[in-house]
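Peer 1: The following file, input.txt, comprises compact mmCIF, C-alpha atoms:
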```
# COMPACT_ATOMS: atom_id res chain seq x y z
CA MET A 1 -128.34 202.91 -66.63
CA THR A 2 -130.12 203.25 -63.33
CA GLY A 3 -127.92 205.00 -60.80
CA LYS A 4 -130.21 204.98 -57.80
CA LEU A 5 -131.03 202.35 -55.21
CA LEU A 6 -133.58 202.17 -52.42
CA VAL A 7 -132.28 200.04 -49.56
CA SER A 8 -134.83 198.88 -46.98
CA THR A 9 -133.36 198.06 -43.60
CA ARG A 10 -134.30 197.22 -40.04
CA LYS A 11 -133.56 200.82 -39.09
CA GLY A 12 -134.63 202.95 -42.01
CA LEU A 13 -134.70 203.53 -45.75
CA PHE A 14 -131.46 204.52 -47.44
CA THR A 15 -131.22 206.10 -50.88
CA VAL A 16 -127.94 205.27 -52.61
CA GLU A 17 -126.90 207.13 -55.75
CA ARG A 18 -124.06 207.01 -58.24
CA SER A 19 -122.16 210.22 -58.72
CA ALA A 20 -118.79 210.74 -60.43
CA GLY A 21 -118.34 206.99 -60.63
CA ALA A 22 -118.92 206.32 -56.93
CA TRP A 23 -121.94 205.02 -55.04
CA ALA A 24 -122.90 206.72 -51.78
CA ILE A 25 -125.82 207.13 -49.41
CA THR A 26 -127.49 210.42 -50.30
CA LYS A 27 -130.67 210.34 -48.23
CA THR A 28 -132.27 208.65 -45.26
CA ASP A 29 -135.97 208.25 -44.53
CA PHE A 30 -137.77 206.67 -41.59
CA LEU A 31 -134.52 206.47 -39.66
CA GLY A 32 -134.94 204.12 -36.71
CA ASP A 33 -137.98 202.40 -38.18
CA ASN A 34 -138.31 198.97 -39.73
CA VAL A 35 -138.67 199.36 -43.51
CA SER A 36 -139.46 196.00 -45.02
CA LEU A 37 -139.84 196.73 -48.74
CA THR A 38 -140.08 199.46 -51.36
CA LEU A 39 -141.46 199.82 -54.85
CA THR A 40 -140.58 202.41 -57.44
CA ASP A 41 -143.39 202.56 -59.97
CA PRO A 42 -141.72 202.58 -63.40
CA ARG A 43 -144.79 204.28 -64.90
CA ASP A 44 -144.68 207.47 -62.86
CA GLY A 45 -141.58 207.33 -60.64
CA ARG A 46 -143.50 207.27 -57.37
CA HIS A 47 -141.80 205.47 -54.49
CA TYR A 48 -143.71 203.30 -52.03
CA ALA A 49 -142.33 202.12 -48.70
CA ALA A 50 -143.72 199.43 -46.42
CA LEU A 51 -143.02 199.85 -42.73
CA ASP A 52 -143.55 197.51 -39.81
CA HIS A 53 -143.90 199.45 -36.59
CA GLY A 54 -144.25 196.35 -34.46
CA HIS A 55 -146.61 197.49 -31.71
CA PHE A 56 -148.39 199.86 -34.07
CA GLY A 57 -148.70 197.59 -37.09
CA VAL A 58 -147.83 197.60 -40.78
CA LYS A 59 -148.01 200.90 -42.66
CA LEU A 60 -147.52 202.12 -46.23
CA HIS A 61 -146.07 205.40 -47.38
CA ARG A 62 -145.98 207.01 -50.86
CA SER A 63 -143.60 209.65 -52.11
CA THR A 64 -144.74 213.16 -52.92
CA ALA A 65 -142.85 216.20 -54.12
CA SER A 66 -142.19 217.11 -50.49
CA GLY A 67 -141.49 213.68 -49.02
CA PHE A 68 -143.36 210.56 -48.01
CA GLU A 69 -147.02 210.56 -46.97
CA GLU A 70 -148.82 207.74 -45.21
CA ILE A 71 -151.43 205.94 -47.30
CA PRO A 72 -153.73 203.14 -46.20
CA ALA A 73 -152.18 199.73 -45.75
CA PRO A 74 -154.14 196.73 -47.01
CA VAL A 75 -156.86 195.72 -44.55
CA TYR A 76 -158.29 192.22 -44.32
CA PRO A 77 -162.07 191.87 -44.48
CA PRO A 78 -164.03 191.10 -41.31
CA LYS A 79 -163.52 187.50 -40.23
CA PRO A 80 -166.99 185.93 -40.21
CA ASP A 81 -168.42 185.26 -36.77
CA GLY A 82 -168.03 181.63 -35.84
CA LEU A 83 -165.47 180.85 -38.51
CA VAL A 84 -162.80 178.57 -37.12
CA GLU A 85 -159.56 178.92 -39.04
CA ASN A 86 -156.32 178.09 -37.31
CA ASP A 87 -152.74 178.49 -38.40
CA MET A 88 -150.42 175.51 -38.63
CA TRP A 89 -149.67 175.89 -34.93
CA GLY A 90 -153.33 175.47 -33.98
CA ARG A 91 -153.81 179.10 -33.06
CA PRO A 92 -156.66 181.16 -34.51
CA LEU A 93 -155.51 182.73 -37.76
CA ALA A 94 -155.75 186.48 -37.42
CA TRP A 95 -157.22 188.09 -40.52
CA THR A 96 -154.93 191.08 -40.30
CA THR A 97 -151.97 192.31 -42.29
CA ALA A 98 -148.95 190.95 -40.48
CA ARG A 99 -146.42 191.90 -43.13
CA VAL A 100 -146.25 193.47 -46.57
CA TRP A 101 -144.09 190.93 -48.40
CA ALA A 102 -144.58 191.86 -52.07
CA LEU A 103 -145.27 195.16 -53.76
CA GLU A 104 -145.38 195.45 -57.54
CA ALA A 105 -146.70 197.80 -60.20
CA GLY A 106 -149.37 196.66 -62.62
CA GLY A 107 -148.81 196.74 -66.37
CA ALA A 108 -147.79 199.70 -68.45
CA ASP A 109 -151.35 199.97 -69.77
CA GLU A 110 -152.97 200.28 -66.32
CA PRO A 111 -151.47 203.28 -64.53
CA GLY A 112 -152.28 203.36 -60.84
CA VAL A 113 -152.69 199.61 -60.51
CA LEU A 114 -150.56 198.08 -57.76
CA TRP A 115 -150.41 194.57 -56.35
CA CYS A 116 -149.55 193.84 -52.73
CA GLY A 117 -148.83 190.42 -51.23
CA THR A 118 -149.00 189.97 -47.49
CA GLN A 119 -148.68 187.57 -44.62
CA PRO A 120 -150.85 185.68 -43.68
CA GLY A 121 -151.57 185.16 -47.39
CA GLY A 122 -153.87 187.91 -48.59
CA LEU A 123 -153.31 189.45 -52.02
CA PHE A 124 -154.51 193.02 -52.52
CA ARG A 125 -154.94 195.22 -55.59
CA SER A 126 -155.14 198.98 -55.85
CA THR A 127 -156.31 200.96 -58.85
CA ASP A 128 -155.51 204.40 -57.42
CA HIS A 129 -151.79 204.38 -56.65
CA GLY A 130 -152.33 202.79 -53.25
CA SER A 131 -154.91 205.24 -51.96
CA SER A 132 -157.22 202.25 -51.43
CA TRP A 133 -156.83 198.48 -51.57
CA THR A 134 -159.19 195.63 -52.34
CA MET A 135 -158.49 192.09 -51.27
CA VAL A 136 -158.48 189.56 -54.10
CA ARG A 137 -161.17 187.37 -52.60
CA SER A 138 -161.00 184.75 -55.33
CA LEU A 139 -157.59 183.75 -54.01
CA TRP A 140 -158.25 184.23 -50.28
CA ASP A 141 -161.48 182.19 -50.60
CA HIS A 142 -159.86 179.48 -52.72
CA PRO A 143 -160.23 176.25 -50.75
CA LYS A 144 -156.59 175.38 -51.30
CA ARG A 145 -155.44 178.66 -49.75
CA LYS A 146 -156.01 177.07 -46.37
CA MET A 147 -153.33 174.53 -47.25
CA TRP A 148 -150.68 177.25 -47.37
CA MET A 149 -148.32 177.06 -44.43
CA GLY A 150 -145.76 179.17 -42.68
CA GLY A 151 -142.18 178.57 -43.73
CA GLY A 152 -139.36 180.28 -41.91
CA ALA A 153 -142.00 182.75 -40.76
CA ASP A 154 -144.94 181.57 -38.67
CA LEU A 155 -147.49 182.60 -41.26
CA PRO A 156 -147.75 181.86 -44.99
CA GLY A 157 -147.14 184.82 -47.23
CA ILE A 158 -147.04 186.04 -50.82
CA HIS A 159 -143.51 187.24 -51.52
CA SER A 160 -143.30 187.30 -55.32
CA ILE A 161 -145.69 188.93 -57.79
CA VAL A 162 -144.94 188.86 -61.52
CA VAL A 163 -147.08 190.80 -64.01
CA ASP A 164 -146.83 189.58 -67.61
CA PRO A 165 -145.37 192.39 -69.73
CA ARG A 166 -147.42 191.12 -72.69
CA ASN A 167 -150.79 191.09 -70.90
CA SER A 168 -151.42 192.86 -67.61
CA ASN A 169 -154.27 190.51 -66.74
CA CYS A 170 -151.81 187.64 -66.43
CA VAL A 171 -150.13 187.52 -63.03
CA TRP A 172 -148.10 184.92 -61.19
CA ILE A 173 -147.61 184.91 -57.44
CA ALA A 174 -145.41 182.72 -55.29
CA VAL A 175 -146.14 181.70 -51.73
CA SER A 176 -143.94 180.45 -48.93
CA THR A 177 -145.24 177.86 -48.56
CA GLY A 178 -147.95 177.29 -51.14
CA GLY A 179 -146.19 177.15 -54.48
CA ILE A 180 -146.96 179.25 -57.57
CA TRP A 181 -150.41 180.52 -58.53
CA TYR A 182 -151.50 182.07 -61.83
CA THR A 183 -154.36 184.23 -63.00
CA ALA A 184 -155.16 185.13 -66.62
CA ASP A 185 -158.07 187.40 -65.71
CA ALA A 186 -156.54 189.99 -63.38
CA GLY A 187 -157.25 187.92 -60.32
CA ALA A 188 -160.82 186.79 -60.96
CA SER A 189 -159.71 183.14 -60.96
CA TRP A 190 -156.55 181.25 -60.08
CA THR A 191 -154.84 178.02 -60.97
CA GLN A 192 -151.86 176.35 -59.38
CA ARG A 193 -148.67 176.08 -61.40
CA GLY A 194 -145.25 174.65 -60.73
CA GLU A 195 -145.19 170.98 -61.68
CA GLY A 196 -141.73 169.56 -61.36
CA MET A 197 -140.64 171.30 -58.22
CA ARG A 198 -139.60 169.07 -55.35
CA ALA A 199 -139.90 169.54 -51.60
CA ASP A 200 -137.92 167.07 -49.54
CA HIS A 201 -138.99 168.53 -46.19
CA VAL A 202 -142.53 167.14 -46.43
CA PRO A 203 -143.88 163.56 -46.41
CA PRO A 204 -143.18 161.58 -49.60
CA GLU A 205 -146.75 161.79 -50.87
CA LEU A 206 -146.48 165.58 -50.90
CA THR A 207 -142.95 165.91 -52.24
CA HIS A 208 -144.02 166.75 -55.77
CA ASP A 209 -147.35 168.39 -54.94
CA PRO A 210 -147.20 171.95 -56.32
CA ILE A 211 -148.93 173.35 -53.24
CA ALA A 212 -146.28 171.96 -50.89
CA GLN A 213 -143.48 173.87 -52.58
CA ASP A 214 -141.52 176.44 -50.59
CA VAL A 215 -140.64 178.89 -53.33
CA HIS A 216 -138.26 181.48 -51.93
CA CYS A 217 -138.29 183.79 -54.94
CA LEU A 218 -139.84 183.78 -58.44
CA VAL A 219 -138.64 186.00 -61.31
CA GLN A 220 -139.44 186.29 -65.00
CA CYS A 221 -137.35 187.41 -67.97
CA ALA A 222 -138.97 190.59 -69.27
CA ALA A 223 -137.96 189.96 -72.88
CA GLN A 224 -138.96 186.29 -72.82
CA PRO A 225 -141.73 185.90 -70.24
CA SER A 226 -142.05 182.18 -70.79
CA ARG A 227 -138.73 181.83 -68.94
CA MET A 228 -139.06 181.88 -65.16
CA TRP A 229 -136.45 181.16 -62.50
CA VAL A 230 -137.11 179.99 -58.96
CA GLN A 231 -134.90 179.90 -55.91
CA HIS A 232 -136.61 177.26 -53.82
CA HIS A 233 -136.04 175.84 -50.37
CA ASN A 234 -134.72 172.73 -52.08
CA GLY A 235 -132.65 174.43 -54.72
CA ILE A 236 -132.84 176.06 -58.13
CA PHE A 237 -135.59 175.44 -60.68
CA VAL A 238 -136.14 176.86 -64.16
CA SER A 239 -139.23 176.93 -66.38
CA SER A 240 -139.56 177.60 -70.11
CA ASP A 241 -143.35 177.37 -70.26
CA GLU A 242 -144.58 180.22 -68.05
CA GLY A 243 -144.22 178.27 -64.87
CA ARG A 244 -146.29 175.26 -65.86
CA THR A 245 -143.36 172.90 -65.45
CA PHE A 246 -139.96 173.31 -63.87
CA THR A 247 -136.66 171.52 -64.16
CA GLU A 248 -134.46 171.14 -61.10
CA ILE A 249 -130.87 172.34 -61.37
CA LYS A 250 -128.50 170.28 -59.27
CA ASN A 251 -124.82 170.22 -58.48
CA VAL A 252 -124.16 173.94 -58.43
CA ASN A 253 -120.95 174.94 -56.70
CA PRO A 254 -120.87 175.91 -53.87
CA SER A 255 -124.57 175.33 -53.10
CA VAL A 256 -128.09 175.44 -54.54
CA PHE A 257 -129.66 176.79 -51.34
CA GLY A 258 -130.46 180.47 -50.98
CA PHE A 259 -133.23 183.04 -51.05
CA PRO A 260 -132.98 185.53 -53.96
CA VAL A 261 -132.67 185.09 -57.70
CA ALA A 262 -132.28 187.71 -60.42
CA VAL A 263 -132.72 187.19 -64.15
CA HIS A 264 -131.30 189.33 -66.92
CA PRO A 265 -134.12 191.41 -68.45
CA ARG A 266 -133.18 190.49 -72.03
CA GLU A 267 -131.18 187.27 -71.71
CA PRO A 268 -133.42 184.52 -70.34
CA ASP A 269 -130.54 182.10 -69.89
CA THR A 270 -128.65 184.46 -67.56
CA ALA A 271 -129.49 184.41 -63.85
CA TRP A 272 -127.80 185.12 -60.51
CA PHE A 273 -128.12 183.45 -57.10
CA VAL A 274 -126.63 183.96 -53.63
CA PRO A 275 -125.76 180.55 -52.21
CA GLU A 276 -125.73 179.50 -48.57
CA ILE A 277 -124.73 176.16 -47.08
CA LYS A 278 -128.27 174.81 -46.77
CA ASP A 279 -131.57 175.27 -45.01
CA GLU A 280 -130.48 174.35 -41.52
CA LYS A 281 -127.20 176.26 -41.83
CA ARG A 282 -127.94 179.59 -43.45
CA ILE A 283 -124.50 181.12 -43.90
CA PRO A 284 -122.16 181.37 -46.88
CA VAL A 285 -120.17 178.24 -47.63
CA GLY A 286 -116.75 178.41 -45.99
CA GLY A 287 -117.34 181.96 -44.76
CA LYS A 288 -116.92 183.22 -48.32
CA LEU A 289 -119.64 185.51 -49.66
CA VAL A 290 -120.20 184.76 -53.34
CA LEU A 291 -122.86 184.84 -56.02
CA THR A 292 -123.35 182.26 -58.73
CA ARG A 293 -124.19 183.16 -62.31
CA THR A 294 -125.27 181.11 -65.24
CA ARG A 295 -125.26 182.38 -68.81
CA ASP A 296 -126.39 179.16 -70.46
CA SER A 297 -129.65 178.31 -68.73
CA ALA A 298 -127.98 176.49 -65.86
CA LYS A 299 -125.77 174.17 -67.87
CA THR A 300 -122.80 175.83 -66.19
CA PHE A 301 -122.32 178.30 -63.35
CA GLU A 302 -119.58 180.77 -62.49
CA VAL A 303 -118.71 181.77 -58.93
CA LEU A 304 -118.54 185.56 -58.53
CA ALA A 305 -116.35 186.72 -55.65
CA ASP A 306 -114.33 189.71 -56.85
CA GLY A 307 -114.78 192.46 -54.28
CA LEU A 308 -116.75 190.34 -51.82
CA PRO A 309 -115.47 189.28 -48.37
CA GLN A 310 -113.86 185.85 -48.49
CA VAL A 311 -112.87 185.39 -44.85
CA HIS A 312 -115.33 184.92 -42.00
CA ALA A 313 -118.24 186.40 -43.94
CA TYR A 314 -121.62 185.37 -42.57
CA ASP A 315 -123.84 187.61 -44.64
CA VAL A 316 -127.28 186.27 -45.49
CA VAL A 317 -129.08 187.87 -48.42
CA TYR A 318 -132.84 187.88 -48.13
CA ARG A 319 -135.16 187.17 -51.07
CA HIS A 320 -135.83 190.83 -51.87
CA ALA A 321 -132.27 191.99 -51.29
CA LEU A 322 -130.79 191.20 -54.72
CA ALA A 323 -131.71 193.55 -57.57
CA ILE A 324 -130.89 193.99 -61.24
CA ASP A 325 -131.49 197.14 -63.25
CA ALA A 326 -133.31 197.47 -66.53
CA THR A 327 -130.11 197.24 -68.57
CA GLY A 328 -129.07 193.97 -66.99
CA ASP A 329 -125.57 195.30 -66.36
CA ARG A 330 -125.94 196.62 -62.84
CA LEU A 331 -126.77 194.47 -59.85
CA ALA A 332 -126.90 195.29 -56.16
CA PHE A 333 -127.44 193.31 -53.01
CA GLY A 334 -127.55 193.85 -49.26
CA SER A 335 -127.05 191.50 -46.36
CA THR A 336 -128.28 190.77 -42.88
CA THR A 337 -124.98 191.99 -41.48
CA GLY A 338 -125.32 195.40 -43.08
CA GLY A 339 -123.26 194.99 -46.22
CA LEU A 340 -124.28 196.61 -49.49
CA TRP A 341 -122.54 195.88 -52.78
CA VAL A 342 -123.03 197.08 -56.35
CA SER A 343 -121.71 195.61 -59.59
CA GLU A 344 -121.59 197.52 -62.87
CA ASN A 345 -120.50 194.57 -64.98
CA GLN A 346 -123.06 191.85 -64.33
CA GLY A 347 -121.35 190.64 -61.19
CA ASP A 348 -117.81 190.26 -62.50
CA ALA A 349 -116.65 192.71 -59.81
CA TRP A 350 -118.37 194.17 -56.78
CA ILE A 351 -118.05 197.55 -55.09
CA CYS A 352 -118.77 197.76 -51.37
CA VAL A 353 -121.02 200.74 -50.70
CA SER A 354 -121.25 200.09 -46.96
CA HIS A 355 -120.64 197.33 -44.46
CA THR A 356 -122.20 199.15 -41.51
CA LEU A 357 -125.84 199.43 -42.51
CA PRO A 358 -128.60 197.96 -40.36
CA PRO A 359 -129.76 194.51 -41.47
CA VAL A 360 -130.89 194.83 -45.09
CA TYR A 361 -134.33 193.51 -45.99
CA ALA A 362 -134.70 194.70 -49.57
CA VAL A 363 -132.73 196.38 -52.36
CA ARG A 364 -134.35 197.80 -55.47
CA PHE A 365 -133.19 200.03 -58.31
CA ALA A 366 -135.25 203.21 -58.40
CA MET B 1 -166.74 212.25 -20.59
CA VAL B 2 -164.04 209.61 -20.44
CA LYS B 3 -160.42 210.71 -20.73
CA VAL B 4 -158.09 208.82 -23.11
CA VAL B 5 -154.31 209.08 -22.81
CA PHE B 6 -151.98 207.63 -25.45
CA THR B 7 -148.41 206.41 -25.03
CA ALA B 8 -145.75 208.94 -25.86
CA ASN B 9 -144.15 206.46 -28.27
CA ILE B 10 -147.03 206.64 -30.72
CA GLN B 11 -146.73 210.40 -31.08
CA ARG B 12 -143.82 210.37 -33.51
CA HIS B 13 -145.87 208.29 -35.93
CA VAL B 14 -149.26 209.94 -35.52
CA ALA B 15 -150.35 212.77 -33.24
CA CYS B 16 -152.55 211.38 -30.48
CA PRO B 17 -153.20 214.17 -28.00
CA GLU B 18 -155.09 213.44 -24.83
CA ALA B 19 -158.75 213.25 -25.74
CA GLU B 20 -162.21 212.91 -24.22
CA ALA B 21 -165.25 211.08 -25.52
CA PRO B 22 -168.50 209.71 -24.12
CA GLY B 23 -169.22 206.01 -23.77
CA ALA B 24 -169.95 203.14 -21.43
CA THR B 25 -167.34 200.75 -22.79
CA VAL B 26 -163.77 201.04 -24.04
CA ARG B 27 -165.05 200.42 -27.58
CA GLU B 28 -167.59 203.22 -27.42
CA VAL B 29 -165.09 205.71 -26.10
CA LEU B 30 -162.35 204.80 -28.57
CA ASP B 31 -164.82 204.92 -31.47
CA GLY B 32 -165.52 208.50 -30.46
CA VAL B 33 -161.86 209.38 -30.22
CA PHE B 34 -160.97 207.77 -33.55
CA ALA B 35 -163.90 209.47 -35.27
CA ALA B 36 -161.97 212.66 -34.72
CA ASN B 37 -158.53 211.11 -35.36
CA ALA B 38 -159.05 208.43 -38.00
CA ARG B 39 -155.39 207.84 -38.80
CA ALA B 40 -154.65 206.86 -35.22
CA ARG B 41 -157.12 204.00 -35.34
CA SER B 42 -154.91 201.59 -37.28
CA TYR B 43 -152.02 202.22 -34.92
CA VAL B 44 -154.04 200.88 -31.99
CA LEU B 45 -156.51 198.44 -33.54
CA ASP B 46 -155.90 195.68 -36.07
CA ASP B 47 -157.86 194.82 -39.22
CA GLN B 48 -160.60 193.16 -37.15
CA ALA B 49 -160.87 196.18 -34.82
CA ALA B 50 -159.29 194.18 -32.01
CA LEU B 51 -156.51 195.63 -29.90
CA ARG B 52 -153.17 195.10 -31.67
CA ARG B 53 -151.26 192.13 -30.34
CA HIS B 54 -148.52 194.17 -28.70
CA MET B 55 -150.68 196.97 -27.41
CA THR B 56 -152.40 197.16 -24.06
CA ILE B 57 -155.18 199.27 -22.57
CA PHE B 58 -155.68 200.12 -18.92
CA VAL B 59 -158.92 201.50 -17.44
CA ASP B 60 -158.37 203.25 -14.14
CA GLY B 61 -155.19 201.28 -13.61
CA ALA B 62 -156.44 197.81 -14.58
CA ALA B 63 -155.66 196.06 -17.86
CA ILE B 64 -158.75 195.33 -19.89
CA ALA B 65 -159.96 191.75 -20.19
CA ASP B 66 -161.65 191.85 -23.60
CA ARG B 67 -158.98 192.62 -26.18
CA SER B 68 -161.15 191.73 -29.17
CA GLN B 69 -164.49 193.39 -28.50
CA LEU B 70 -163.20 196.04 -26.05
CA SER B 71 -166.36 195.56 -24.00
CA ASP B 72 -164.81 196.45 -20.64
CA ALA B 73 -166.99 198.99 -18.84
CA VAL B 74 -165.86 202.52 -18.15
CA GLY B 75 -167.39 205.19 -15.93
CA PRO B 76 -167.86 208.85 -16.73
CA GLU B 77 -164.81 209.73 -14.63
CA SER B 78 -162.61 206.94 -15.95
CA THR B 79 -159.27 207.36 -17.64
CA ILE B 80 -158.23 205.01 -20.43
CA TYR B 81 -154.51 204.58 -21.04
CA VAL B 82 -153.41 203.19 -24.43
CA PHE B 83 -149.88 201.82 -24.11
CA GLN B 84 -147.51 199.37 -25.78
CA ALA B 85 -147.22 196.02 -24.07
CA LEU B 86 -143.64 195.60 -22.93
CA SER B 87 -142.01 192.42 -21.82
CA GLY B 88 -138.48 191.50 -20.94
CA GLY B 89 -135.31 192.84 -22.46
```
Before anything else, please render the file you have as structure tokens.
Peer 2:
Amino acid sequence: MTGKLLVSTRKGLFTVERSAGAWAITKTDFLGDNVSLTLTDPRDGRHYAALDHGHFGVKLHRSTASGFEEIPAPVYPPKPDGLVENDMWGRPLAWTTARVWALEAGGADEPGVLWCGTQPGGLFRSTDHGSSWTMVRSLWDHPKRKMWMGGGADLPGIHSIVVDPRNSNCVWIAVSTGGIWYTADAGASWTQRGEGMRADHVPPELTHDPIAQDVHCLVQCAAQPSRMWVQHHNGIFVSSDEGRTFTEIKNVNPSVFGFPVAVHPREPDTAWFVPEIKDEKRIPVGGKLVLTRTRDSAKTFEVLADGLPQVHAYDVVYRHALAIDATGDRLAFGSTTGGLWVSENQGDAWICVSHTLPPVYAVRFA
Amino acid sequence: MVKVVFTANIQRHVACPEAEAPGATVREVLDGVFAANARARSYVLDDQAALRRHMTIFVDGAAIADRSQLSDAVGPESTIYVFQALSGG
């Protein structure tokens, strides 16, 4: 089992480790700085950390034997002179990395390959462990890319990247907002996926348009890659055909709204969600922090609350802040109010590691 | 030679000692400074080589007008200050 977590927060990166049956913070990095996301490369154990220094921009760091070193962050290509491209607010769209919002390792057969999704919508690929990045122009130049819109953030962004464990050339990305996109040739060409999802915050003629979908998080079952789960702005959706079509899951107690989703690595029918009231009221229902879990492909759901605050809890769990380890037994999540919980039994019971962390942006097993 | 002074707040991320470089515009001078301190460049300029949104540059006490091309003129005795833009709070 994995006994190590990397917790990205508004004020630093916290390493949490299990020792003698207890979980505790064992290391801090970048204390005081905004760490938005990490990646631990399963192929070589390297850690990557994305930082947002505000005034000074977005940076990437990579672990070495003696600590983190700064490596280049993805850089957008020169915006052509005279090109008029505005964001949805009518302002000129800056071709510059505003946020690293997805960071994933390539396949087991392509060591050194990394994928990076950003706001305002650029996807980047590295073949040298992040020492250099190349924008995936086929996606950035796709005419429909300009139809992507900002969601809760001002700018559209790629927040989910899924590499097919059977074929590293096959990659899915999810965009908020812009739906799901798929490549079968390592990014040379892209097609839209995601029929069946529904967006009720857009005009009726766009409700079922795959590009109008505000996917909050996309995950894939490692052992059965045809099964994908989506936490969407409008609720929960599940696909059994590699994201071509989705079925909406309704009537989940206490809510279908939320940001993250986790799927068991070997059991495609088992998935976890962190519900909130709904889009315009993003707090746990009734002030009770719970997760929901299905073990039967969303026919039924259980509410998981053991060990979680059930009185006046207003924790929000961001899309990258729920993690599951490779065994499928351990889960961890962190909240905007600085809570961090771990479960060692698939969510049946939760252990509070801390409730005084800075706002948590991302949690990943390392 | 034009003197360039960086905000103290940038120093904990990347060393930016006071520097000097020739040039007739802010761009020319900064290009010279960043040629010798490449890592500092991305902390001040964005992907399009424009001044980062929340940064500001003063030349001899006046904020520059051209934040994208950095074409504001400088004299041989000028001092360029590279600061964060602060507002409110």
Peer 1: Counting all atoms listed in the file, what are the residues of chain A within 9 Å of chain B, and for each of them which pair of atoms is the nearest and at what distance in Å, to one decimal? Sort the table by chain and rising number, as a Markdown table.
Peer 2:
```
| residue | atom | partner | partner_atom | distance |
| --- | --- | --- | --- | --- |
| A:His53 | CA | B:Tyr43 | CA | 8.7 |
| A:Gly54 | CA | B:His54 | CA | 7.5 |
| A:His55 | CA | B:His54 | CA | 4.9 |
| A:Phe56 | CA | B:Tyr43 | CA | 4.4 |
| A:Gly57 | CA | B:Tyr43 | CA | 6.1 |
| A:Val58 | CA | B:Tyr43 | CA | 8.6 |
| A:Lys59 | CA | B:Ser42 | CA | 8.8 |
| A:Pro72 | CA | B:Arg39 | CA | 8.9 |
| A:Pro74 | CA | B:Asp47 | CA | 8.8 |
| A:Val75 | CA | B:Asp47 | CA | 5.5 |
| A:Tyr76 | CA | B:Asp47 | CA | 5.7 |
| A:Pro77 | CA | B:Asp47 | CA | 7.4 |
| A:Pro78 | CA | B:Gln48 | CA | 5.8 |
| A:Lys79 | CA | B:Gln48 | CA | 7.1 |
| A:Ala94 | CA | B:Gln48 | CA | 8.3 |
| A:Trp95 | CA | B:Asp47 | CA | 6.9 |
| A:Thr96 | CA | B:Asp47 | CA | 4.9 |
| A:Thr97 | CA | B:Asp47 | CA | 7.1 |
```
Peer 1: Report as a PyMOL selection string all protein, DNA and RNA residues lying within 8 Å of range 319-330 of chain A, evaluated on all atoms listed in the file, omitting residues in the same chain fewer than 4 positions from it.
Peer 2: chain A and resi 1-2+37+216-217+259-266+334-335+342-347+360-365
Peer 1: Could you write out the selected residues, including C-alpha atoms, as a compact mmCIF listing (two decimals), in the coordinates of the input?
Peer 2:
```
# COMPACT_ATOMS: atom_id res chain seq x y z
CA MET A 1 -128.34 202.91 -66.63
CA THR A 2 -130.12 203.25 -63.33
CA LEU A 37 -139.84 196.73 -48.74
CA HIS A 216 -138.26 181.48 -51.93
CA CYS A 217 -138.29 183.79 -54.94
CA PHE A 259 -133.23 183.04 -51.05
CA PRO A 260 -132.98 185.53 -53.96
CA VAL A 261 -132.67 185.09 -57.70
CA ALA A 262 -132.28 187.71 -60.42
CA VAL A 263 -132.72 187.19 -64.15
CA HIS A 264 -131.30 189.33 -66.92
CA PRO A 265 -134.12 191.41 -68.45
CA ARG A 266 -133.18 190.49 -72.03
CA GLY A 334 -127.55 193.85 -49.26
CA SER A 335 -127.05 191.50 -46.36
CA VAL A 342 -123.03 197.08 -56.35
CA SER A 343 -121.71 195.61 -59.59
CA GLU A 344 -121.59 197.52 -62.87
CA ASN A 345 -120.50 194.57 -64.98
CA GLN A 346 -123.06 191.85 -64.33
CA GLY A 347 -121.35 190.64 -61.19
CA VAL A 360 -130.89 194.83 -45.09
CA TYR A 361 -134.33 193.51 -45.99
CA ALA A 362 -134.70 194.70 -49.57
CA VAL A 363 -132.73 196.38 -52.36
CA ARG A 364 -134.35 197.80 -55.47
CA PHE A 365 -133.19 200.03 -58.31
```
Peer 1: Measuring between all atoms listed in the file, which one of B:Asn37, B:Tyr81, B:Asp31, B:Val26 shows the shortest distance to Asp66 in chain B?
Peer 2: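 Closest residue, counting all atoms listed in the file: B:Val26.
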Peer 1: Please determine, counting all atoms listed in the file, which residue among A:Pro225, A:Gly243, A:Gly3, A:Gly152 has the shortest atom-to-atom distance to Ile173 in chain A.
Peer 2: A:Gly243
Peer 1: Between CA of Ala63 in chain B and CA of Pro17 in chain B, what is the distance in Å, rounded to a tenth?
Peer 2: 20.9 Å
Peer 1: Using all atoms listed in the file and a cutoff of 8 Å, can you tell me which residues are near (-146.5, 184.5, -38.6) in the file's coordinates, and write them out as a list in words?
Peer 2: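 Those residues, ordered by chain and then number, are Ala98, Gln119, Pro120, Gly150, Ala153, Asp154, Leu155 and Pro156 of chain A.
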Peer 1: Do you have the CA of Ala184 in chain A-CA of Val238 in chain A distance handy?
Peer 2: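 About the pair CA of Ala184 in chain A and CA of Val238 in chain A: they are 20.9 Å apart.
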Peer 1: Between B:Cys16, B:Thr7, B:Asp60, B:Val29, single out the one closest to Glu77 in chain B, counting all atoms listed in the file.
Peer 2: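 With all atoms listed in the file as the atom set, the closest residue is B:Asp60.
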Peer 1: Around range 150-165 of chain A, with edges along x, y and z and 6 Å added on all six sides, what centre and edge lengths do you get, in Å to one decimal, as JSON?
Peer 2:
```
{"center_x": -143.6, "center_y": 185.5, "center_z": -54.2, "size_x": 20.4, "size_y": 25.8, "size_z": 43.1}
```
Peer 1: Could you jot down the CA of Gly121 in chain A to CA of Met149 in chain A separation for me, Å, one decimal place?
Peer 2: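 CA of Gly121 in chain A sits 9.2 Å away from CA of Met149 in chain A.
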